[in-house]
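This is start-v9.pdb. It holds PDB, C-alpha atoms and all ligand atoms.
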ATOM      1  CA  MET A   1     -90.616 -23.733  18.137  1.00  0.00           C
ATOM      2  CA  GLU A   2     -88.179 -22.027  20.440  1.00  0.00           C
ATOM      3  CA  GLN A   3     -87.227 -25.390  21.947  1.00  0.00           C
ATOM      4  CA  ASN A   4     -86.566 -26.851  18.481  1.00  0.00           C
ATOM      5  CA  ALA A   5     -84.320 -23.895  17.564  1.00  0.00           C
ATOM      6  CA  LYS A   6     -82.347 -24.361  20.814  1.00  0.00           C
ATOM      7  CA  TYR A   7     -82.036 -28.097  20.097  1.00  0.00           C
ATOM      8  CA  ASN A   8     -80.758 -27.471  16.532  1.00  0.00           C
ATOM      9  CA  ARG A   9     -78.242 -24.876  17.755  1.00  0.00           C
ATOM     10  CA  LYS A  10     -76.948 -27.361  20.336  1.00  0.00           C
ATOM     11  CA  LYS A  11     -76.664 -30.029  17.625  1.00  0.00           C
ATOM     12  CA  ARG A  12     -74.666 -27.698  15.363  1.00  0.00           C
ATOM     13  CA  ILE A  13     -72.277 -26.785  18.213  1.00  0.00           C
ATOM     14  CA  LEU A  14     -71.729 -30.481  19.061  1.00  0.00           C
ATOM     15  CA  LEU A  15     -71.117 -31.245  15.384  1.00  0.00           C
ATOM     16  CA  LEU A  16     -68.539 -28.430  15.160  1.00  0.00           C
ATOM     17  CA  ILE A  17     -66.766 -29.682  18.304  1.00  0.00           C
ATOM     18  CA  PHE A  18     -66.741 -33.237  16.900  1.00  0.00           C
ATOM     19  CA  CYS A  19     -65.245 -32.034  13.578  1.00  0.00           C
ATOM     20  CA  PHE A  20     -62.609 -29.997  15.428  1.00  0.00           C
ATOM     21  CA  ILE A  21     -61.571 -33.043  17.506  1.00  0.00           C
ATOM     22  CA  ILE A  22     -61.323 -35.264  14.393  1.00  0.00           C
ATOM     23  CA  ILE A  23     -59.175 -32.664  12.565  1.00  0.00           C
ATOM     24  CA  ALA A  24     -56.928 -32.228  15.625  1.00  0.00           C
ATOM     25  CA  ILE A  25     -56.389 -35.997  16.039  1.00  0.00           C
ATOM     26  CA  THR A  26     -55.726 -36.503  12.304  1.00  0.00           C
ATOM     27  CA  SER A  27     -53.225 -33.613  12.216  1.00  0.00           C
ATOM     28  CA  PHE A  28     -51.426 -34.926  15.316  1.00  0.00           C
ATOM     29  CA  ILE A  29     -51.068 -38.431  13.834  1.00  0.00           C
ATOM     30  CA  TYR A  30     -49.974 -37.079  10.422  1.00  0.00           C
ATOM     31  CA  LEU A  31     -47.347 -34.718  11.818  1.00  0.00           C
ATOM     32  CA  ASN A  32     -45.914 -37.247  14.261  1.00  0.00           C
ATOM     33  CA  THR A  33     -45.864 -40.086  11.749  1.00  0.00           C
ATOM     34  CA  ASN A  34     -43.923 -37.966   9.271  1.00  0.00           C
ATOM     35  CA  THR A  35     -41.546 -36.688  11.933  1.00  0.00           C
ATOM     36  CA  LEU A  36     -40.729 -40.201  13.125  1.00  0.00           C
ATOM     37  CA  ASN A  37     -40.410 -41.903   9.765  1.00  0.00           C
ATOM     38  CA  SER A  38     -38.273 -39.607   7.699  1.00  0.00           C
ATOM     39  CA  TRP A  39     -35.085 -37.576   7.998  1.00  0.00           C
ATOM     40  CA  ILE A  40     -32.473 -36.194   5.633  1.00  0.00           C
ATOM     41  CA  LYS A  41     -28.800 -35.909   6.531  1.00  0.00           C
ATOM     42  CA  ILE A  42     -26.257 -34.030   4.424  1.00  0.00           C
ATOM     43  CA  ILE A  43     -22.535 -34.492   5.158  1.00  0.00           C
ATOM     44  CA  PRO A  44     -20.570 -31.659   3.480  1.00  0.00           C
ATOM     45  CA  ASP A  45     -17.601 -32.489   1.201  1.00  0.00           C
ATOM     46  CA  THR A  46     -18.307 -36.201   1.483  1.00  0.00           C
ATOM     47  CA  GLY A  47     -19.303 -38.731  -1.153  1.00  0.00           C
ATOM     48  CA  THR A  48     -19.868 -42.478  -1.077  1.00  0.00           C
ATOM     49  CA  TYR A  49     -19.735 -45.649  -3.179  1.00  0.00           C
ATOM     50  CA  SER A  50     -20.627 -47.727  -0.116  1.00  0.00           C
ATOM     51  CA  SER A  51     -24.047 -49.252   0.478  1.00  0.00           C
ATOM     52  CA  ILE A  52     -26.077 -48.503   3.586  1.00  0.00           C
ATOM     53  CA  ARG A  53     -26.124 -51.290   6.170  1.00  0.00           C
ATOM     54  CA  ALA A  54     -28.513 -51.385   9.143  1.00  0.00           C
ATOM     55  CA  VAL A  55     -27.583 -52.501  12.672  1.00  0.00           C
ATOM     56  CA  GLU A  56     -28.805 -51.739  16.206  1.00  0.00           C
ATOM     57  CA  ILE A  57     -26.381 -49.395  17.990  1.00  0.00           C
ATOM     58  CA  THR A  58     -28.441 -47.131  20.247  1.00  0.00           C
ATOM     59  CA  GLY A  59     -30.654 -49.841  21.774  1.00  0.00           C
ATOM     60  CA  ASP A  60     -33.958 -48.096  20.992  1.00  0.00           C
ATOM     61  CA  GLY A  61     -35.259 -50.854  18.707  1.00  0.00           C
ATOM     62  CA  VAL A  62     -34.861 -48.762  15.552  1.00  0.00           C
ATOM     63  CA  LEU A  63     -32.058 -50.060  13.345  1.00  0.00           C
ATOM     64  CA  ASP A  64     -29.220 -47.572  12.894  1.00  0.00           C
ATOM     65  CA  ILE A  65     -27.218 -46.886   9.732  1.00  0.00           C
ATOM     66  CA  VAL A  66     -23.540 -47.535   8.925  1.00  0.00           C
ATOM     67  CA  ILE A  67     -21.989 -46.418   5.628  1.00  0.00           C
ATOM     68  CA  GLY A  68     -18.520 -45.816   4.170  1.00  0.00           C
ATOM     69  CA  GLY A  69     -17.556 -42.491   2.600  1.00  0.00           C
ATOM     70  CA  GLY A  70     -14.717 -40.099   1.900  1.00  0.00           C
ATOM     71  CA  GLY A  71     -13.504 -37.083  -0.031  1.00  0.00           C
ATOM     72  CA  LYS A  72     -11.573 -36.952  -3.305  1.00  0.00           C
ATOM     73  CA  GLU A  73      -9.567 -40.052  -4.222  1.00  0.00           C
ATOM     74  CA  TYR A  74      -6.200 -40.254  -2.400  1.00  0.00           C
ATOM     75  CA  ASN A  75      -7.288 -37.516   0.025  1.00  0.00           C
ATOM     76  CA  PRO A  76      -7.931 -38.077   3.723  1.00  0.00           C
ATOM     77  CA  SER A  77     -11.382 -37.522   5.137  1.00  0.00           C
ATOM     78  CA  ASP A  78     -12.940 -37.307   8.581  1.00  0.00           C
ATOM     79  CA  ASN A  79     -15.981 -39.157   7.242  1.00  0.00           C
ATOM     80  CA  GLY A  80     -14.548 -42.480   6.094  1.00  0.00           C
ATOM     81  CA  ILE A  81     -16.955 -44.549   8.162  1.00  0.00           C
ATOM     82  CA  MET A  82     -20.146 -43.050   9.595  1.00  0.00           C
ATOM     83  CA  ALA A  83     -22.929 -44.268  11.872  1.00  0.00           C
ATOM     84  CA  PHE A  84     -26.290 -42.532  12.061  1.00  0.00           C
ATOM     85  CA  ASN A  85     -29.147 -42.880  14.529  1.00  0.00           C
ATOM     86  CA  GLY A  86     -31.854 -44.640  12.525  1.00  0.00           C
ATOM     87  CA  ALA A  87     -34.644 -42.833  14.381  1.00  0.00           C
ATOM     88  CA  SER A  88     -33.342 -39.268  14.090  1.00  0.00           C
ATOM     89  CA  GLY A  89     -30.498 -39.149  11.524  1.00  0.00           C
ATOM     90  CA  GLU A  90     -28.091 -37.845  14.193  1.00  0.00           C
ATOM     91  CA  LEU A  91     -24.428 -38.658  13.417  1.00  0.00           C
ATOM     92  CA  LEU A  92     -23.411 -41.109  16.163  1.00  0.00           C
ATOM     93  CA  TRP A  93     -19.732 -41.347  15.242  1.00  0.00           C
ATOM     94  CA  ASN A  94     -17.358 -40.959  12.302  1.00  0.00           C
ATOM     95  CA  VAL A  95     -13.929 -42.423  11.600  1.00  0.00           C
ATOM     96  CA  PRO A  96     -11.137 -40.509   9.785  1.00  0.00           C
ATOM     97  CA  VAL A  97      -9.425 -42.357   6.908  1.00  0.00           C
ATOM     98  CA  ARG A  98      -6.538 -41.824   4.439  1.00  0.00           C
ATOM     99  CA  ASN A  99      -8.621 -42.559   1.323  1.00  0.00           C
ATOM    100  CA  GLN A 100     -12.200 -43.438   0.333  1.00  0.00           C
ATOM    101  CA  ILE A 101     -14.021 -46.307   2.023  1.00  0.00           C
ATOM    102  CA  VAL A 102     -15.786 -47.930  -0.913  1.00  0.00           C
ATOM    103  CA  GLY A 103     -16.854 -51.220   0.696  1.00  0.00           C
ATOM    104  CA  SER A 104     -19.982 -51.937   2.707  1.00  0.00           C
ATOM    105  CA  ALA A 105     -20.070 -52.985   6.337  1.00  0.00           C
ATOM    106  CA  ILE A 106     -20.715 -56.343   7.941  1.00  0.00           C
ATOM    107  CA  PHE A 107     -21.159 -56.806  11.690  1.00  0.00           C
ATOM    108  CA  ASN A 108     -20.224 -58.987  14.658  1.00  0.00           C
ATOM    109  CA  ASP A 109     -19.718 -58.173  18.339  1.00  0.00           C
ATOM    110  CA  ILE A 110     -16.066 -59.043  19.010  1.00  0.00           C
ATOM    111  CA  ASP A 111     -15.500 -56.962  22.165  1.00  0.00           C
ATOM    112  CA  ASN A 112     -18.491 -58.448  23.969  1.00  0.00           C
ATOM    113  CA  ASP A 113     -20.165 -55.137  24.876  1.00  0.00           C
ATOM    114  CA  GLY A 114     -23.521 -56.251  23.461  1.00  0.00           C
ATOM    115  CA  ILE A 115     -23.282 -53.965  20.397  1.00  0.00           C
ATOM    116  CA  LYS A 116     -22.259 -55.396  17.032  1.00  0.00           C
ATOM    117  CA  ASP A 117     -18.945 -54.068  15.718  1.00  0.00           C
ATOM    118  CA  VAL A 118     -18.290 -52.883  12.171  1.00  0.00           C
ATOM    119  CA  PHE A 119     -15.990 -54.489   9.567  1.00  0.00           C
ATOM    120  CA  ILE A 120     -15.415 -52.465   6.417  1.00  0.00           C
ATOM    121  CA  GLY A 121     -12.725 -51.851   3.799  1.00  0.00           C
ATOM    122  CA  GLY A 122     -11.714 -49.395   1.113  1.00  0.00           C
ATOM    123  CA  ARG A 123      -8.981 -47.906  -1.043  1.00  0.00           C
ATOM    124  CA  SER A 124      -5.270 -47.750  -0.138  1.00  0.00           C
ATOM    125  CA  ALA A 125      -5.261 -51.052   1.779  1.00  0.00           C
ATOM    126  CA  GLN A 126      -7.727 -49.947   4.433  1.00  0.00           C
ATOM    127  CA  LEU A 127      -9.591 -52.614   6.372  1.00  0.00           C
ATOM    128  CA  TYR A 128     -11.035 -51.810   9.797  1.00  0.00           C
ATOM    129  CA  ALA A 129     -12.779 -53.333  12.768  1.00  0.00           C
ATOM    130  CA  ILE A 130     -14.642 -50.489  14.512  1.00  0.00           C
ATOM    131  CA  SER A 131     -16.515 -50.558  17.820  1.00  0.00           C
ATOM    132  CA  GLY A 132     -20.171 -50.183  16.901  1.00  0.00           C
ATOM    133  CA  LYS A 133     -20.842 -48.503  20.238  1.00  0.00           C
ATOM    134  CA  THR A 134     -18.127 -45.809  20.192  1.00  0.00           C
ATOM    135  CA  GLY A 135     -16.665 -45.649  16.662  1.00  0.00           C
ATOM    136  CA  LYS A 136     -13.175 -46.376  18.069  1.00  0.00           C
ATOM    137  CA  LYS A 137     -10.832 -48.604  16.060  1.00  0.00           C
ATOM    138  CA  ILE A 138     -10.487 -52.135  17.450  1.00  0.00           C
ATOM    139  CA  TRP A 139      -7.903 -53.005  14.781  1.00  0.00           C
ATOM    140  CA  GLU A 140      -6.868 -51.934  11.304  1.00  0.00           C
ATOM    141  CA  PHE A 141      -4.999 -53.866   8.621  1.00  0.00           C
ATOM    142  CA  LEU A 142      -2.355 -51.223   7.883  1.00  0.00           C
ATOM    143  CA  PRO A 143      -2.076 -48.001   9.922  1.00  0.00           C
ATOM    144  CA  THR A 144      -1.250 -44.804   8.024  1.00  0.00           C
ATOM    145  CA  GLU A 145       2.403 -43.784   7.758  1.00  0.00           C
ATOM    146  CA  ALA A 146       3.764 -40.518   6.360  1.00  0.00           C
ATOM    147  CA  SER A 147       5.981 -42.416   3.910  1.00  0.00           C
ATOM    148  CA  MET A 148       3.041 -44.105   2.144  1.00  0.00           C
ATOM    149  CA  ASP A 149       2.785 -43.405  -1.613  1.00  0.00           C
ATOM    150  CA  LEU A 150      -0.932 -44.031  -2.065  1.00  0.00           C
ATOM    151  CA  ALA A 151      -1.022 -43.342  -5.817  1.00  0.00           C
ATOM    152  CA  ASN A 152       2.026 -45.318  -6.997  1.00  0.00           C
ATOM    153  CA  ASP A 153       2.672 -48.109  -4.497  1.00  0.00           C
ATOM    154  CA  THR A 154       1.270 -51.256  -6.125  1.00  0.00           C
ATOM    155  CA  THR A 155       0.915 -52.986  -2.749  1.00  0.00           C
ATOM    156  CA  LEU A 156      -1.599 -50.420  -1.449  1.00  0.00           C
ATOM    157  CA  LEU A 157      -4.660 -51.739  -3.265  1.00  0.00           C
ATOM    158  CA  ASN A 158      -8.374 -51.829  -2.456  1.00  0.00           C
ATOM    159  CA  PHE A 159     -10.279 -53.950   0.022  1.00  0.00           C
ATOM    160  CA  PHE A 160     -13.762 -54.800  -1.222  1.00  0.00           C
ATOM    161  CA  ASN A 161     -16.756 -56.188   0.693  1.00  0.00           C
ATOM    162  CA  PRO A 162     -15.756 -58.703   3.373  1.00  0.00           C
ATOM    163  CA  GLN A 163     -17.728 -61.894   3.972  1.00  0.00           C
ATOM    164  CA  TRP A 164     -17.975 -64.133   7.023  1.00  0.00           C
ATOM    165  CA  VAL A 165     -16.430 -67.584   6.866  1.00  0.00           C
ATOM    166  CA  PRO A 166     -16.425 -70.292   9.552  1.00  0.00           C
ATOM    167  CA  ASP A 167     -13.981 -69.981  12.459  1.00  0.00           C
ATOM    168  CA  MET A 168     -10.658 -70.970  10.829  1.00  0.00           C
ATOM    169  CA  ASP A 169      -8.365 -70.652  13.869  1.00  0.00           C
ATOM    170  CA  ASN A 170     -10.643 -71.993  16.614  1.00  0.00           C
ATOM    171  CA  ASP A 171     -10.791 -68.769  18.649  1.00  0.00           C
ATOM    172  CA  GLY A 172     -14.587 -68.971  18.826  1.00  0.00           C
ATOM    173  CA  LEU A 173     -15.261 -66.201  16.277  1.00  0.00           C
ATOM    174  CA  LYS A 174     -16.124 -66.365  12.597  1.00  0.00           C
ATOM    175  CA  ASP A 175     -13.334 -65.069  10.345  1.00  0.00           C
ATOM    176  CA  LEU A 176     -13.289 -62.698   7.371  1.00  0.00           C
ATOM    177  CA  LEU A 177     -12.846 -63.453   3.684  1.00  0.00           C
ATOM    178  CA  VAL A 178     -12.144 -60.327   1.622  1.00  0.00           C
ATOM    179  CA  SER A 179     -10.874 -59.577  -1.877  1.00  0.00           C
ATOM    180  CA  PHE A 180      -7.959 -57.180  -2.362  1.00  0.00           C
ATOM    181  CA  GLY A 181      -6.744 -55.620  -5.611  1.00  0.00           C
ATOM    182  CA  GLY A 182      -7.315 -53.024  -8.298  1.00  0.00           C
ATOM    183  CA  PHE A 183      -4.289 -50.845  -9.095  1.00  0.00           C
ATOM    184  CA  VAL A 184      -6.058 -47.897 -10.707  1.00  0.00           C
ATOM    185  CA  TRP A 185      -3.145 -46.496 -12.751  1.00  0.00           C
ATOM    186  CA  ILE A 186      -2.423 -49.631 -14.799  1.00  0.00           C
ATOM    187  CA  HIS A 187      -3.828 -49.439 -18.352  1.00  0.00           C
ATOM    188  CA  TRP A 188      -6.120 -52.319 -19.318  1.00  0.00           C
ATOM    189  CA  THR A 189      -3.982 -53.159 -22.400  1.00  0.00           C
ATOM    190  CA  LYS A 190      -1.076 -53.941 -20.078  1.00  0.00           C
ATOM    191  CA  LEU A 191      -3.154 -56.045 -17.746  1.00  0.00           C
ATOM    192  CA  THR A 192      -1.968 -59.640 -17.492  1.00  0.00           C
ATOM    193  CA  PRO A 193      -2.868 -62.224 -14.851  1.00  0.00           C
ATOM    194  CA  GLN A 194       0.510 -61.493 -13.260  1.00  0.00           C
ATOM    195  CA  LYS A 195      -0.132 -57.756 -13.192  1.00  0.00           C
ATOM    196  CA  ALA A 196      -3.768 -57.898 -12.180  1.00  0.00           C
ATOM    197  CA  MET A 197      -2.594 -58.128  -8.591  1.00  0.00           C
ATOM    198  CA  HIS A 198      -5.893 -59.343  -7.225  1.00  0.00           C
ATOM    199  CA  SER A 199      -5.919 -61.662  -4.288  1.00  0.00           C
ATOM    200  CA  THR A 200      -8.222 -62.939  -1.640  1.00  0.00           C
ATOM    201  CA  MET A 201      -7.368 -62.832   2.034  1.00  0.00           C
ATOM    202  CA  VAL A 202      -8.734 -64.604   5.035  1.00  0.00           C
ATOM    203  CA  ARG A 203      -8.342 -62.403   8.113  1.00  0.00           C
ATOM    204  CA  ASN A 204      -8.809 -63.190  11.768  1.00  0.00           C
ATOM    205  CA  CYS A 205     -11.941 -61.457  13.022  1.00  0.00           C
ATOM    206  CA  ARG A 206     -10.614 -60.884  16.540  1.00  0.00           C
ATOM    207  CA  SER A 207      -7.226 -59.450  15.601  1.00  0.00           C
ATOM    208  CA  VAL A 208      -5.740 -58.553  12.243  1.00  0.00           C
ATOM    209  CA  GLY A 209      -2.319 -59.625  13.441  1.00  0.00           C
ATOM    210  CA  CYS A 210      -2.958 -63.344  12.965  1.00  0.00           C
TER     211      CYS A 210
HETATM  212 CA    CA B   1     -31.216 -47.626  17.120  1.00  0.00          CA
HETATM  213 CA    CA B   2     -19.111 -54.533  20.319  1.00  0.00          CA
END
Is it possible to express this structure as C-alpha cells?
Amino acid sequence: MEQNAKYNRKKRILLLIFCFIIIAITSFIYLNTNTLNSWIKIIPDTGTYSSIRAVEITGDGVLDIVIGGGGKEYNPSDNGIMAFNGASGELLWNVPVRNQIVGSAIFNDIDNDGIKDVFIGGRSAQLYAISGKTGKKIWEFLPTEASMDLANDTTLLNFFNPQWVPDMDNDGLKDLLVSFGGFVWIHWTKLTPQKAMHSTMVRNCRSVGC
C-alpha cells in the first residue's frame, strides 16, 4: 500500500513537471512569435497618401519598408520619404522635402553598393533618387529655391508613380517613365486640354540631368 502511494505521488509530481514544461515552451513561442511579427510605428505630425513598398535594405532577409509622407500641403517636412526596418519598425532614414510626397517608390541599385535605391515623386515638382542604404539624395529633379511659389507657379506640378521602361539612352540602366501634372487651384469648369497641363516624362535613371 505504502509503495503504491509513493508511486502515485511520484506520478503526480512528474505530471506537474511535464505540464509546467509544456506551458513554458508554449508561452515562449507565443511571446517571441508576436514580438517578431508585429510592430507599430507612429510618426508625429506626418501623414501619407503613398503606398508602402517593400525592399531589402538592412541585409537581414526581412524586407524593409519605404513610404512617402509629409505635413500640410505646401509645407516642408522632415518626413517626406521614410525607410523602416521591416523586422523591428526602427526608422532607418528620412528625407526632408518641400511638400508632400504622394507617389509610391520603385527600386533599382544605381550606385552599385548592393542595396536597391529609391525612386519616388510628389507635389511641387519633386522627383528623387535616394540611396537605399543611407537615405542620401543621389539626384533630384528640381532642388528647392527660396524664390519658388509652390501654390501659384503652374510649372511646379505633381509627379505621380514612376514606372520602369527599357534603357532608352544605352547607359546600361532602365529609365523612368513618370506622369506630371495637376494644378490644384484651377477650377474644373475652366479646365481645357490646353490648361490641363498634364504631361509624361521619360527621365534618365542614372542622372536626372539627361
Ligand atoms: Ca531587412
Ligand atoms: Ca544602391
Neighbours of ligand CA 1 (chain B) within 8 Å, counting all atoms listed in the file, as a ChimeraX atom specification?
/A:55-64,85-87
Could the residues in this selection be written to a file with C-alpha atoms, as a tab-separated table (two decimals), in the frame of the given file?
chain	number	residue	atom	x	y	z
A	55	VAL	CA	-27.58	-52.50	12.67
A	56	GLU	CA	-28.80	-51.74	16.21
A	57	ILE	CA	-26.38	-49.40	17.99
A	58	THR	CA	-28.44	-47.13	20.25
A	59	GLY	CA	-30.65	-49.84	21.77
A	60	ASP	CA	-33.96	-48.10	20.99
A	61	GLY	CA	-35.26	-50.85	18.71
A	62	VAL	CA	-34.86	-48.76	15.55
A	63	LEU	CA	-32.06	-50.06	13.34
A	64	ASP	CA	-29.22	-47.57	12.89
A	85	ASN	CA	-29.15	-42.88	14.53
A	86	GLY	CA	-31.85	-44.64	12.52
A	87	ALA	CA	-34.64	-42.83	14.38
When the PyMOL selection byres (((not hetatm)) within 7 of (chain B and resi 2)) is applied to the structure above, which residues does it catch, written out as a list in words?
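Output of the PyMOL selection byres (((not hetatm)) within 7 of (chain B and resi 2)): Asp109, Ile110, Asp111, Asn112, Asp113, Gly114, Ile115, Lys116, Asp117, Ser131, Gly132 and Lys133 of chain A.
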Expanded to explicit residues, what is the PyMOL selection byres (((chain A and resi 77-82) around 7) and not hetatm) for this file, as a ChimeraX atom specification?
/A:46,66-71,75-76,83-84,93-101
Store the residues picked out above in a file with C-alpha atoms, as a PDB file, in the coordinates of the input.
ATOM      1  CA  THR A  46     -18.307 -36.201   1.483  1.00  0.00           C
ATOM      2  CA  VAL A  66     -23.540 -47.535   8.925  1.00  0.00           C
ATOM      3  CA  ILE A  67     -21.989 -46.418   5.628  1.00  0.00           C
ATOM      4  CA  GLY A  68     -18.520 -45.816   4.170  1.00  0.00           C
ATOM      5  CA  GLY A  69     -17.556 -42.491   2.600  1.00  0.00           C
ATOM      6  CA  GLY A  70     -14.717 -40.099   1.900  1.00  0.00           C
ATOM      7  CA  GLY A  71     -13.504 -37.083  -0.031  1.00  0.00           C
ATOM      8  CA  ASN A  75      -7.288 -37.516   0.025  1.00  0.00           C
ATOM      9  CA  PRO A  76      -7.931 -38.077   3.723  1.00  0.00           C
ATOM     10  CA  ALA A  83     -22.929 -44.268  11.872  1.00  0.00           C
ATOM     11  CA  PHE A  84     -26.290 -42.532  12.061  1.00  0.00           C
ATOM     12  CA  TRP A  93     -19.732 -41.347  15.242  1.00  0.00           C
ATOM     13  CA  ASN A  94     -17.358 -40.959  12.302  1.00  0.00           C
ATOM     14  CA  VAL A  95     -13.929 -42.423  11.600  1.00  0.00           C
ATOM     15  CA  PRO A  96     -11.137 -40.509   9.785  1.00  0.00           C
ATOM     16  CA  VAL A  97      -9.425 -42.357   6.908  1.00  0.00           C
ATOM     17  CA  ARG A  98      -6.538 -41.824   4.439  1.00  0.00           C
ATOM     18  CA  ASN A  99      -8.621 -42.559   1.323  1.00  0.00           C
ATOM     19  CA  GLN A 100     -12.200 -43.438   0.333  1.00  0.00           C
ATOM     20  CA  ILE A 101     -14.021 -46.307   2.023  1.00  0.00           C
TER      21      ILE A 101
END
Restricting the calculation to only C-alpha atoms: of A:Cys205, A:Ile138, A:Leu127, A:Leu156, which residue gets closest to Gly182 in chain A?
A:Leu156
Going by the chain IDs and residue numbers used in this file, which residues fall under the PyMOL selection byres (((chain A and resi 118) around 6) and not hetatm)? Write them as JSON, numbers by chain.
{"A": [106, 107, 117, 119, 129, 130, 132]}
Residues within 6 Å of Ser50 in chain A, only C-alpha atoms, excluding chain neighbours under 6 positions, as an MDAnalysis selection string
chainID A and resid 68 102:104
Okay, now the selection with C-alpha atoms, as a tab-separated table (two decimals), in the coordinates of the input?
chain	number	residue	atom	x	y	z
A	68	GLY	CA	-18.52	-45.82	4.17
A	102	VAL	CA	-15.79	-47.93	-0.91
A	103	GLY	CA	-16.85	-51.22	0.70
A	104	SER	CA	-19.98	-51.94	2.71
Could you check how far CA of Ile65 in chain A sits from CA of Leu176 in chain A, in Å to one decimal?
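Going from CA of Ile65 in chain A over to CA of Leu176 in chain A covers 21.2 Å.
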Atom pair CA of Ile40 in chain A / CA of Gly89 in chain A: separation (Å):
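Separating CA of Ile40 in chain A from CA of Gly89 in chain A is a distance of 6.9 Å.
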Provide the CA of Trp139 in chain A to CA of Val184 in chain A distance in Å, to one decimal place.
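Spanning CA of Trp139 in chain A to CA of Val184 in chain A is a straight-line distance of 26.1 Å.
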With all atoms listed in the file as the basis for distance, which of A:Thr48, A:Gln126, A:Thr26, A:Asn158 is at the shortest distance from Pro143 in chain A?
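Selected residue with least distance to Pro143 in chain A: A:Gln126.
Take the candidates A:Trp164, A:Tyr74, A:Lys137, A:Ala105 and check each one against Ser124 in chain A using only C-alpha atoms; the shortest distance goes to A:Tyr74.
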Report, as JSON, the axis-aligned box around all atoms of range 146-153 of chain A present in the file, extended by 5 Å on each side; give centre and edge lengths in Å to one decimal place.
{"center_x": 2.5, "center_y": -44.3, "center_z": -0.3, "size_x": 17.0, "size_y": 17.6, "size_z": 23.4}
Please produce range 130-146 of chain A, completed to N, CA and C atoms, as a PDB file, in the frame of the given file.
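What landed in rebuild36.pdb:
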ATOM      1  N   ILE A 130     -14.282 -51.687  13.759  1.00  0.00           N
ATOM      2  CA  ILE A 130     -14.642 -50.489  14.512  1.00  0.00           C
ATOM      3  C   ILE A 130     -15.672 -50.861  15.575  1.00  0.00           C
ATOM      4  N   SER A 131     -15.497 -50.342  16.786  1.00  0.00           N
ATOM      5  CA  SER A 131     -16.515 -50.558  17.820  1.00  0.00           C
ATOM      6  C   SER A 131     -17.837 -49.929  17.368  1.00  0.00           C
ATOM      7  N   GLY A 132     -18.877 -50.729  17.308  1.00  0.00           N
ATOM      8  CA  GLY A 132     -20.171 -50.183  16.901  1.00  0.00           C
ATOM      9  C   GLY A 132     -20.700 -49.176  17.903  1.00  0.00           C
ATOM     10  N   LYS A 133     -20.336 -49.375  19.174  1.00  0.00           N
ATOM     11  CA  LYS A 133     -20.842 -48.503  20.238  1.00  0.00           C
ATOM     12  C   LYS A 133     -20.188 -47.121  20.212  1.00  0.00           C
ATOM     13  N   THR A 134     -18.854 -47.077  20.032  1.00  0.00           N
ATOM     14  CA  THR A 134     -18.127 -45.809  20.192  1.00  0.00           C
ATOM     15  C   THR A 134     -17.520 -45.250  18.907  1.00  0.00           C
ATOM     16  N   GLY A 135     -17.353 -46.095  17.873  1.00  0.00           N
ATOM     17  CA  GLY A 135     -16.665 -45.649  16.662  1.00  0.00           C
ATOM     18  C   GLY A 135     -15.149 -45.712  16.789  1.00  0.00           C
ATOM     19  N   LYS A 136     -14.640 -46.264  17.902  1.00  0.00           N
ATOM     20  CA  LYS A 136     -13.175 -46.376  18.069  1.00  0.00           C
ATOM     21  C   LYS A 136     -12.660 -47.610  17.318  1.00  0.00           C
ATOM     22  N   LYS A 137     -11.418 -47.477  16.779  1.00  0.00           N
ATOM     23  CA  LYS A 137     -10.832 -48.604  16.060  1.00  0.00           C
ATOM     24  C   LYS A 137     -10.493 -49.733  17.030  1.00  0.00           C
ATOM     25  N   ILE A 138     -10.908 -50.955  16.684  1.00  0.00           N
ATOM     26  CA  ILE A 138     -10.487 -52.135  17.450  1.00  0.00           C
ATOM     27  C   ILE A 138      -9.195 -52.666  16.833  1.00  0.00           C
ATOM     28  N   TRP A 139      -9.157 -52.746  15.508  1.00  0.00           N
ATOM     29  CA  TRP A 139      -7.903 -53.005  14.781  1.00  0.00           C
ATOM     30  C   TRP A 139      -8.018 -52.452  13.370  1.00  0.00           C
ATOM     31  N   GLU A 140      -6.875 -52.258  12.720  1.00  0.00           N
ATOM     32  CA  GLU A 140      -6.868 -51.934  11.304  1.00  0.00           C
ATOM     33  C   GLU A 140      -5.746 -52.697  10.633  1.00  0.00           C
ATOM     34  N   PHE A 141      -5.946 -53.020   9.357  1.00  0.00           N
ATOM     35  CA  PHE A 141      -4.999 -53.866   8.621  1.00  0.00           C
ATOM     36  C   PHE A 141      -3.643 -53.196   8.501  1.00  0.00           C
ATOM     37  N   LEU A 142      -3.620 -51.912   8.146  1.00  0.00           N
ATOM     38  CA  LEU A 142      -2.355 -51.223   7.883  1.00  0.00           C
ATOM     39  C   LEU A 142      -2.475 -49.761   8.298  1.00  0.00           C
ATOM     40  N   PRO A 143      -1.978 -49.406   9.483  1.00  0.00           N
ATOM     41  CA  PRO A 143      -2.076 -48.001   9.922  1.00  0.00           C
ATOM     42  C   PRO A 143      -1.357 -47.052   8.973  1.00  0.00           C
ATOM     43  N   THR A 144      -1.829 -45.818   8.924  1.00  0.00           N
ATOM     44  CA  THR A 144      -1.250 -44.804   8.024  1.00  0.00           C
ATOM     45  C   THR A 144       0.152 -44.402   8.476  1.00  0.00           C
ATOM     46  N   GLU A 145       1.057 -44.305   7.489  1.00  0.00           N
ATOM     47  CA  GLU A 145       2.403 -43.784   7.758  1.00  0.00           C
ATOM     48  C   GLU A 145       2.692 -42.664   6.775  1.00  0.00           C
ATOM     49  N   ALA A 146       3.474 -41.688   7.200  1.00  0.00           N
ATOM     50  CA  ALA A 146       3.764 -40.518   6.360  1.00  0.00           C
ATOM     51  C   ALA A 146       4.456 -40.909   5.071  1.00  0.00           C
TER      52      ALA A 146
END
